[in-house]
file model30.tsv (TSV, C-alpha atoms)
chain	number	residue	atom	x	y	z
V	1	MET	CA	-69.56	52.19	75.29
V	2	ALA	CA	-70.97	48.68	74.84
V	3	ALA	CA	-68.35	47.15	77.08
V	4	PRO	CA	-69.39	48.94	80.30
V	5	ALA	CA	-73.00	48.13	79.59
V	6	ARG	CA	-72.07	44.54	78.96
V	7	LEU	CA	-70.07	44.44	82.21
V	8	ALA	CA	-72.94	45.92	84.15
V	9	SER	CA	-75.24	43.30	82.70
V	10	VAL	CA	-72.87	40.49	83.74
V	11	GLN	CA	-72.58	41.98	87.24
V	12	ARG	CA	-76.34	42.09	87.60
V	13	GLU	CA	-76.58	38.50	86.43
V	14	LEU	CA	-73.90	37.36	88.88
V	15	TYR	CA	-75.48	39.26	91.74
V	16	TYR	CA	-78.85	37.69	90.97
V	17	ARG	CA	-77.43	34.19	90.80
V	18	ILE	CA	-75.42	34.57	94.00
V	19	SER	CA	-78.32	36.06	95.87
V	20	HIS	CA	-80.54	33.09	94.87
V	21	MET	CA	-77.97	30.37	95.48
V	22	THR	CA	-78.49	27.94	98.37
V	23	ASP	CA	-75.88	26.43	100.71
V	24	THR	CA	-75.58	23.41	98.47
V	25	GLY	CA	-74.84	25.47	95.51
V	26	SER	CA	-78.15	24.72	94.00
V	27	ASN	CA	-80.18	27.47	92.61
V	28	ASP	CA	-83.46	25.92	93.85
V	29	ARG	CA	-84.54	27.87	96.91
V	30	ALA	CA	-86.99	26.11	99.15
V	31	ARG	CA	-90.32	27.48	98.19
V	32	PRO	CA	-93.62	26.61	99.83
V	33	ASN	CA	-95.37	23.83	97.94
V	34	TRP	CA	-98.69	25.58	97.68
V	35	ALA	CA	-100.32	22.66	95.87
V	36	LEU	CA	-99.43	20.29	98.70
V	37	ILE	CA	-100.56	22.75	101.37
V	38	LEU	CA	-103.81	23.38	99.55
V	39	GLY	CA	-104.37	19.66	99.20
V	40	LEU	CA	-103.77	19.03	102.89
V	41	LEU	CA	-106.06	21.86	103.92
V	42	THR	CA	-108.76	20.52	101.63
V	43	GLY	CA	-108.36	17.07	103.13
V	44	VAL	CA	-108.66	18.38	106.66
V	45	ALA	CA	-111.72	20.41	105.73
V	46	VAL	CA	-113.41	17.37	104.17
V	47	ALA	CA	-112.57	15.22	107.20
V	48	LEU	CA	-114.02	17.80	109.57
V	49	ALA	CA	-117.10	18.17	107.42
V	50	ILE	CA	-117.68	14.43	107.68
V	51	PHE	CA	-116.76	13.73	111.28
V	52	ILE	CA	-118.14	16.73	113.10
V	53	PRO	CA	-121.75	16.11	111.99
V	54	ALA	CA	-121.25	12.39	112.68
V	55	LEU	CA	-120.12	13.16	116.20
V	56	LEU	CA	-122.97	15.58	116.74
V	57	VAL	CA	-125.67	13.10	115.66
V	58	ARG	CA	-124.06	10.02	117.20
V	59	PRO	CA	-126.69	8.27	119.35
V	60	SER	CA	-125.86	8.05	122.99
V	61	PRO	CA	-125.24	4.49	124.10
V	62	LYS	CA	-128.34	2.82	125.43
V	63	PRO	CA	-127.81	1.96	129.03
V	64	ASN	CA	-130.34	-0.82	128.89
V	65	ALA	CA	-133.30	-2.10	126.99
V	66	PRO	CA	-136.53	-0.13	126.86
V	67	LEU	CA	-138.64	-0.71	129.90
V	68	THR	CA	-141.92	-2.53	130.23
V	69	SER	CA	-144.32	-2.36	133.11
V	70	ILE	CA	-145.95	-5.56	134.28
V	71	SER	CA	-148.40	-6.45	136.99
V	72	THR	CA	-146.76	-8.44	139.71
V	73	SER	CA	-149.43	-9.60	142.06
V	74	ALA	CA	-151.91	-12.41	141.79
V	75	PRO	CA	-155.46	-11.22	141.20
V	76	ALA	CA	-156.53	-13.40	144.11
V	77	ALA	CA	-154.29	-11.41	146.37
V	78	GLY	CA	-156.55	-8.42	145.87
V	79	ARG	CA	-153.63	-6.13	145.22
V	80	ILE	CA	-152.00	-5.15	141.99
V	81	ASP	CA	-148.45	-3.91	142.05
V	82	THR	CA	-146.62	-2.75	138.99
V	83	VAL	CA	-142.93	-3.11	138.45
V	84	THR	CA	-140.80	-2.07	135.56
V	85	ILE	CA	-138.77	-4.72	133.80
V	86	PRO	CA	-136.43	-4.57	130.81
V	87	GLY	CA	-138.33	-4.55	127.56
V	88	PRO	CA	-137.65	-6.62	124.43
V	89	LEU	CA	-134.16	-6.30	123.00
V	90	GLY	CA	-133.04	-6.04	119.39
V	91	GLY	CA	-136.13	-4.54	117.78
V	92	PRO	CA	-139.49	-6.03	116.81
V	93	ASP	CA	-137.97	-8.45	114.30
V	94	ILE	CA	-136.00	-10.09	117.08
V	95	SER	CA	-138.00	-9.78	120.23
V	96	ARG	CA	-141.52	-8.83	121.12
V	97	ASP	CA	-143.79	-9.22	124.11
V	98	VAL	CA	-146.88	-11.38	123.65
V	99	ASN	CA	-148.37	-11.05	127.13
V	100	THR	CA	-151.79	-12.37	126.18
V	101	LEU	CA	-151.94	-14.49	129.34
V	102	VAL	CA	-150.20	-12.22	131.83
V	103	GLY	CA	-151.99	-12.28	135.17
V	104	GLN	CA	-153.53	-15.70	134.55
V	105	ARG	CA	-152.59	-18.87	136.36
V	106	ALA	CA	-150.01	-20.88	134.46
V	107	PRO	CA	-151.34	-24.25	133.30
V	108	GLY	CA	-149.59	-27.33	134.60
V	109	PHE	CA	-148.35	-30.03	132.26
V	110	THR	CA	-146.24	-33.14	132.09
V	111	LEU	CA	-143.59	-33.76	129.46
V	112	SER	CA	-140.74	-36.21	129.07
V	113	ASP	CA	-137.14	-35.66	128.09
V	114	SER	CA	-135.18	-37.63	125.51
V	115	GLU	CA	-134.49	-40.42	127.98
V	116	GLY	CA	-138.14	-40.86	128.87
V	117	VAL	CA	-137.89	-39.18	132.26
V	118	SER	CA	-141.21	-37.56	133.07
V	119	TYR	CA	-141.37	-33.99	134.36
V	120	PRO	CA	-144.67	-32.99	135.96
V	121	ILE	CA	-144.58	-29.19	135.99
V	122	SER	CA	-146.88	-27.33	138.35
V	123	PRO	CA	-145.88	-23.67	138.47
V	124	GLY	CA	-146.62	-21.92	141.72
V	125	GLY	CA	-144.84	-24.10	144.20
V	126	GLY	CA	-142.99	-21.20	145.76
V	127	THR	CA	-140.32	-20.91	143.08
V	128	PRO	CA	-140.59	-18.95	139.84
V	129	THR	CA	-140.66	-21.00	136.65
V	130	VAL	CA	-139.07	-20.12	133.33
V	131	LEU	CA	-140.16	-21.97	130.22
V	132	ILE	CA	-137.75	-21.51	127.32
V	133	PHE	CA	-139.35	-22.31	123.97
V	134	ASN	CA	-136.79	-23.39	121.42
V	135	MET	CA	-137.09	-24.63	117.85
V	136	GLY	CA	-134.91	-27.64	118.50
V	137	VAL	CA	-133.08	-29.50	115.77
V	138	THR	CA	-136.10	-30.11	113.55
H	1	MET	CA	-129.16	-24.31	118.67
H	2	GLN	CA	-126.66	-21.49	119.07
H	3	GLN	CA	-129.01	-19.77	121.51
H	4	LEU	CA	-129.06	-22.82	123.76
H	5	GLY	CA	-125.28	-22.67	123.85
H	6	GLU	CA	-125.51	-19.04	124.88
H	7	LEU	CA	-128.19	-19.86	127.45
H	8	GLN	CA	-125.95	-22.49	128.97
H	9	LYS	CA	-123.50	-19.78	130.03
H	10	SER	CA	-126.16	-18.38	132.35
H	11	ALA	CA	-127.87	-21.66	133.25
H	12	ALA	CA	-126.42	-21.92	136.75
H	13	GLY	CA	-127.42	-18.36	137.65
H	14	LEU	CA	-130.93	-18.84	136.31
H	15	ARG	CA	-131.39	-22.11	138.19
H	16	GLY	CA	-130.50	-20.28	141.36
H	17	LEU	CA	-133.58	-18.12	140.94
H	18	ALA	CA	-136.12	-20.34	139.20
H	19	ASP	CA	-137.03	-23.74	137.86
H	20	VAL	CA	-135.93	-23.50	134.23
H	21	PHE	CA	-137.00	-25.83	131.44
H	22	VAL	CA	-136.34	-25.86	127.71
H	23	LEU	CA	-139.22	-27.08	125.54
H	24	ASN	CA	-139.24	-27.99	121.87
H	25	GLY	CA	-140.89	-30.31	119.41
H	26	ASP	CA	-137.89	-32.54	118.82
H	27	THR	CA	-137.84	-36.32	118.69
H	28	PRO	CA	-135.81	-38.02	121.42
H	29	ASN	CA	-132.92	-38.64	119.02
H	30	ASP	CA	-132.89	-35.04	117.83
H	31	SER	CA	-133.08	-33.87	121.41
H	32	ARG	CA	-130.04	-35.94	122.36
H	33	ARG	CA	-128.20	-34.44	119.42
H	34	LEU	CA	-129.30	-30.96	120.41
H	35	LYS	CA	-128.06	-31.42	123.96
H	36	ARG	CA	-124.78	-32.86	122.77
H	37	ILE	CA	-124.11	-30.01	120.35
H	38	SER	CA	-125.31	-27.15	122.52
H	39	GLY	CA	-123.99	-28.49	125.81
H	40	ILE	CA	-127.19	-27.39	127.54
H	41	SER	CA	-127.51	-28.70	131.07
H	42	LEU	CA	-131.10	-27.58	131.65
H	43	PRO	CA	-133.87	-30.16	131.25
H	44	VAL	CA	-134.98	-30.30	127.62
H	45	LEU	CA	-138.59	-31.44	127.44
H	46	LEU	CA	-140.23	-32.81	124.33
H	47	ASP	CA	-143.39	-30.95	123.43
H	48	ARG	CA	-143.98	-33.11	120.39
H	49	ASP	CA	-147.48	-31.85	119.59
H	50	LEU	CA	-146.70	-28.30	120.76
H	51	SER	CA	-149.63	-28.52	123.16
H	52	VAL	CA	-147.72	-26.73	125.90
H	53	ALA	CA	-146.55	-24.03	123.51
H	54	ARG	CA	-150.16	-23.59	122.46
H	55	SER	CA	-151.43	-23.43	126.03
H	56	TYR	CA	-148.91	-20.65	126.76
H	57	ASP	CA	-149.79	-18.87	123.49
H	58	MET	CA	-146.28	-19.26	122.14
H	59	LEU	CA	-147.13	-20.50	118.66
H	60	PRO	CA	-146.12	-18.23	115.75
H	61	LYS	CA	-148.41	-15.37	114.84
H	62	PRO	CA	-148.30	-13.31	111.65
H	63	ASP	CA	-147.14	-10.11	113.32
H	64	GLN	CA	-144.36	-11.70	115.33
H	65	PRO	CA	-140.74	-12.52	114.47
H	66	MET	CA	-141.38	-16.15	113.49
H	67	GLY	CA	-144.82	-15.42	112.06
H	68	MET	CA	-144.23	-17.20	108.75
H	69	MET	CA	-143.22	-20.49	110.36
H	70	SER	CA	-145.38	-23.43	111.35
H	71	GLY	CA	-144.82	-26.69	113.17
H	72	VAL	CA	-142.60	-25.06	115.77
H	73	ALA	CA	-143.06	-22.93	118.84
H	74	GLN	CA	-142.00	-19.33	118.89
H	75	MET	CA	-138.50	-18.94	120.22
H	76	GLY	CA	-138.76	-17.11	123.49
H	77	TYR	CA	-139.70	-17.55	127.08
H	78	VAL	CA	-142.48	-17.39	129.62
H	79	ILE	CA	-141.87	-16.33	133.19
H	80	VAL	CA	-144.20	-17.53	135.91
H	81	ASP	CA	-143.91	-16.16	139.43
H	82	GLU	CA	-143.69	-18.20	142.61
H	83	GLN	CA	-147.48	-18.06	142.97
H	84	GLY	CA	-148.00	-19.66	139.59
H	85	ILE	CA	-149.10	-16.48	137.80
H	86	ILE	CA	-147.81	-15.76	134.30
H	87	ARG	CA	-145.81	-12.54	134.40
H	88	LEU	CA	-144.27	-12.37	130.97
H	89	GLN	CA	-144.55	-14.04	127.55
H	90	ARG	CA	-141.80	-12.82	125.29
H	91	VAL	CA	-140.83	-13.91	121.80
H	92	ASP	CA	-137.07	-13.56	121.56
H	93	LEU	CA	-135.00	-15.11	118.79
H	94	ASN	CA	-131.90	-14.33	120.84
H	95	PHE	CA	-133.12	-15.60	124.18
H	96	GLY	CA	-129.74	-17.13	124.94
H	97	THR	CA	-127.81	-13.99	124.19
H	98	HIS	CA	-130.36	-12.12	126.31
H	99	ALA	CA	-130.21	-14.53	129.22
H	100	ASP	CA	-128.92	-11.78	131.47
H	101	GLN	CA	-132.21	-10.03	130.89
H	102	ILE	CA	-134.15	-13.11	132.05
H	103	TYR	CA	-131.99	-13.12	135.15
H	104	GLN	CA	-132.68	-9.43	135.72
H	105	ILE	CA	-136.44	-9.93	135.33
H	106	LEU	CA	-136.44	-12.82	137.78
H	107	ARG	CA	-134.74	-10.59	140.32
H	108	THR	CA	-137.31	-7.86	139.73
H	109	ILE	CA	-140.61	-9.72	139.96
call {"tool": "encode", "arguments": {"input": "model30.tsv", "output": "structure tokens"}}
result
Amino acid sequence: MAAPARLASVQRELYYRISHMTDTGSNDRARPNWALILGLLTGVAVALAIFIPALLVRPSPKPNAPLTSISTSAPAAGRIDTVTIPGPLGGPDISRDVNTLVGQRAPGFTLSDSEGVSYPISPGGGTPTVLIFNMGVT
Amino acid sequence: MQQLGELQKSAAGLRGLADVFVLNGDTPNDSRRLKRISGISLPVLLDRDLSVARSYDMLPKPDQPMGMMSGVAQMGYVIVDEQGIIRLQRVDLNFGTHADQIYQILRTI
């Protein structure tokens, strides 16, 4: 009676092996790599957790500098107009308005350049004047 | 020095709207060197005793970007309108990089 039982056992074993055999003859069926999938999902979740808040709080690009209002007419003209101009750029450690003399007449002066050419400067001759103050080499 | 190089890029446009002068306390030799290195084509005037910087209140102050320095003028600019009235005194360490802003202000006032 042991032989039929033994035969049945071999048949079950064969059936199991055949049913789990792949086309290549290997017995390794493609199974989902749950560790890899879990790792990828965790990575995506971490990336979203980082980037979504960053996108939400990202400052909108500044179209221009902050604005400053200045008086634009001479006091002698009896009229004061105000215009808005771009304010200082780069923060208070870089740029800042002084404006202690705004509205006053600009003092004239005479300076020379490196070749000894004299420049008498008298602002107010019908053309705006820009004085750029620079540290120079020294 | 780098800022003068940056300013030079906008020098022609600025000169079309205003008389533009660069002032500093350099010696003539240093000024020649400065012009050679920076390539600046604007007049560079020697304010050796900083009297002009003082008269335009552009000497360093404690609460301003160059507040800890002495013997130099604040880096920045003063804009005077065509009637000779001071419209803006601005300390700006990056005045050359911000030259477009000077241009914009000149077009506004």
call {"tool": "residues_around", "arguments": {"input": "model30.tsv", "residues": "Ile121 (chain V)", "least_positions_apart": "3", "cutoff": "12 Å", "atoms": "all atoms listed in the file", "output": "list in words"}}
result
Ala106, Pro107, Gly108, Phe109, Thr110, Leu111, Ser112, Ser118, Gly124, Gly125, Thr127, Pro128, Thr129, Val130 and Leu131 of chain V; Asp19, Val20, Phe21, Leu23, Pro43, Leu45, Val52, Val80 and Gly84 of chain H
call {"tool": "write_last_selection", "arguments": {"input": "model30.tsv", "atoms": "C-alpha atoms", "output": "CSV table (one decimal), keeping the file's coordinate frame"}}
result
chain,number,residue,atom,x,y,z
V,106,ALA,CA,-150.0,-20.9,134.5
V,107,PRO,CA,-151.3,-24.2,133.3
V,108,GLY,CA,-149.6,-27.3,134.6
V,109,PHE,CA,-148.4,-30.0,132.3
V,110,THR,CA,-146.2,-33.1,132.1
V,111,LEU,CA,-143.6,-33.8,129.5
V,112,SER,CA,-140.7,-36.2,129.1
V,118,SER,CA,-141.2,-37.6,133.1
V,124,GLY,CA,-146.6,-21.9,141.7
V,125,GLY,CA,-144.8,-24.1,144.2
V,127,THR,CA,-140.3,-20.9,143.1
V,128,PRO,CA,-140.6,-19.0,139.8
V,129,THR,CA,-140.7,-21.0,136.6
V,130,VAL,CA,-139.1,-20.1,133.3
V,131,LEU,CA,-140.2,-22.0,130.2
H,19,ASP,CA,-137.0,-23.7,137.9
H,20,VAL,CA,-135.9,-23.5,134.2
H,21,PHE,CA,-137.0,-25.8,131.4
H,23,LEU,CA,-139.2,-27.1,125.5
H,43,PRO,CA,-133.9,-30.2,131.2
H,45,LEU,CA,-138.6,-31.4,127.4
H,52,VAL,CA,-147.7,-26.7,125.9
H,80,VAL,CA,-144.2,-17.5,135.9
H,84,GLY,CA,-148.0,-19.7,139.6
call {"tool": "closest_atom_pairs", "arguments": {"input": "model30.tsv", "of": "chain H", "to": "chain V", "cutoff": "6 Å", "atoms": "only C-alpha atoms", "output": "CSV"}}
result
residue,atom,partner,partner_atom,distance
H:Ala18,CA,V:Pro128,CA,4.7
H:Asp19,CA,V:Thr129,CA,4.7
H:Val20,CA,V:Val130,CA,4.7
H:Phe21,CA,V:Leu131,CA,5.1
H:Val22,CA,V:Ile132,CA,4.6
H:Leu23,CA,V:Phe133,CA,5.0
H:Asn24,CA,V:Asn134,CA,5.2
H:Asp26,CA,V:Gly136,CA,5.7
H:Pro28,CA,V:Ser114,CA,4.2
H:Asp30,CA,V:Val137,CA,5.9
H:Ser31,CA,V:Ser114,CA,5.9
H:Val44,CA,V:Asp113,CA,5.8
H:Leu45,CA,V:Asp113,CA,4.5
H:Leu46,CA,V:Asp113,CA,5.6
H:Pro65,CA,V:Asp93,CA,4.9
H:Val72,CA,V:Met135,CA,5.9
H:Met75,CA,V:Asn134,CA,4.9
H:Gly76,CA,V:Phe133,CA,5.3
H:Tyr77,CA,V:Ile132,CA,4.4
H:Val78,CA,V:Leu131,CA,5.2
H:Ile79,CA,V:Val130,CA,4.7
H:Val80,CA,V:Thr129,CA,5.0
H:Asp81,CA,V:Pro128,CA,4.4
H:Glu82,CA,V:Pro128,CA,4.2
H:Gln83,CA,V:Gly124,CA,4.1
H:Gly84,CA,V:Gly124,CA,3.4
H:Ile85,CA,V:Arg105,CA,4.5
H:Ile86,CA,V:Val102,CA,4.9
H:Arg87,CA,V:Val102,CA,5.1
H:Leu88,CA,V:Asn99,CA,5.8
H:Gln89,CA,V:Asn99,CA,4.9
H:Arg90,CA,V:Asp97,CA,4.3
H:Val91,CA,V:Arg96,CA,5.2
H:Asp92,CA,V:Ser95,CA,4.1
H:Leu93,CA,V:Ile94,CA,5.4
H:Ile105,CA,V:Ile85,CA,5.9
call {"tool": "atom_distance", "arguments": {"input": "model30.tsv", "atom1": "CA of Arg48 (chain H)", "atom2": "CA of Met1 (chain H)"}}
result
17.3 Å
call {"tool": "axis_aligned_box", "arguments": {"input": "model30.tsv", "around": "region 94-107 of chain V", "padding_each_side": "8 Å", "output": "AutoDock Vina command-line options"}}
result
--center_x -144.8 --center_y -16.5 --center_z 126.7 --size_x 33.5 --size_y 31.4 --size_z 35.3
call {"tool": "atom_distance", "arguments": {"input": "model30.tsv", "atom1": "CA of Leu36 (chain V)", "atom2": "CA of Tyr16 (chain V)"}}
result
28.0 Å
call {"tool": "residues_around", "arguments": {"input": "model30.tsv", "residues": "Thr97 (chain H)", "least_positions_apart": "5", "cutoff": "10 Å", "atoms": "only C-alpha atoms", "output": "ChimeraX atom specification"}}
result
/H:2-10,92
call {"tool": "atom_distance", "arguments": {"input": "model30.tsv", "atom1": "CA of Thr68 (chain V)", "atom2": "CA of Asp47 (chain H)"}}
result
29.3 Å
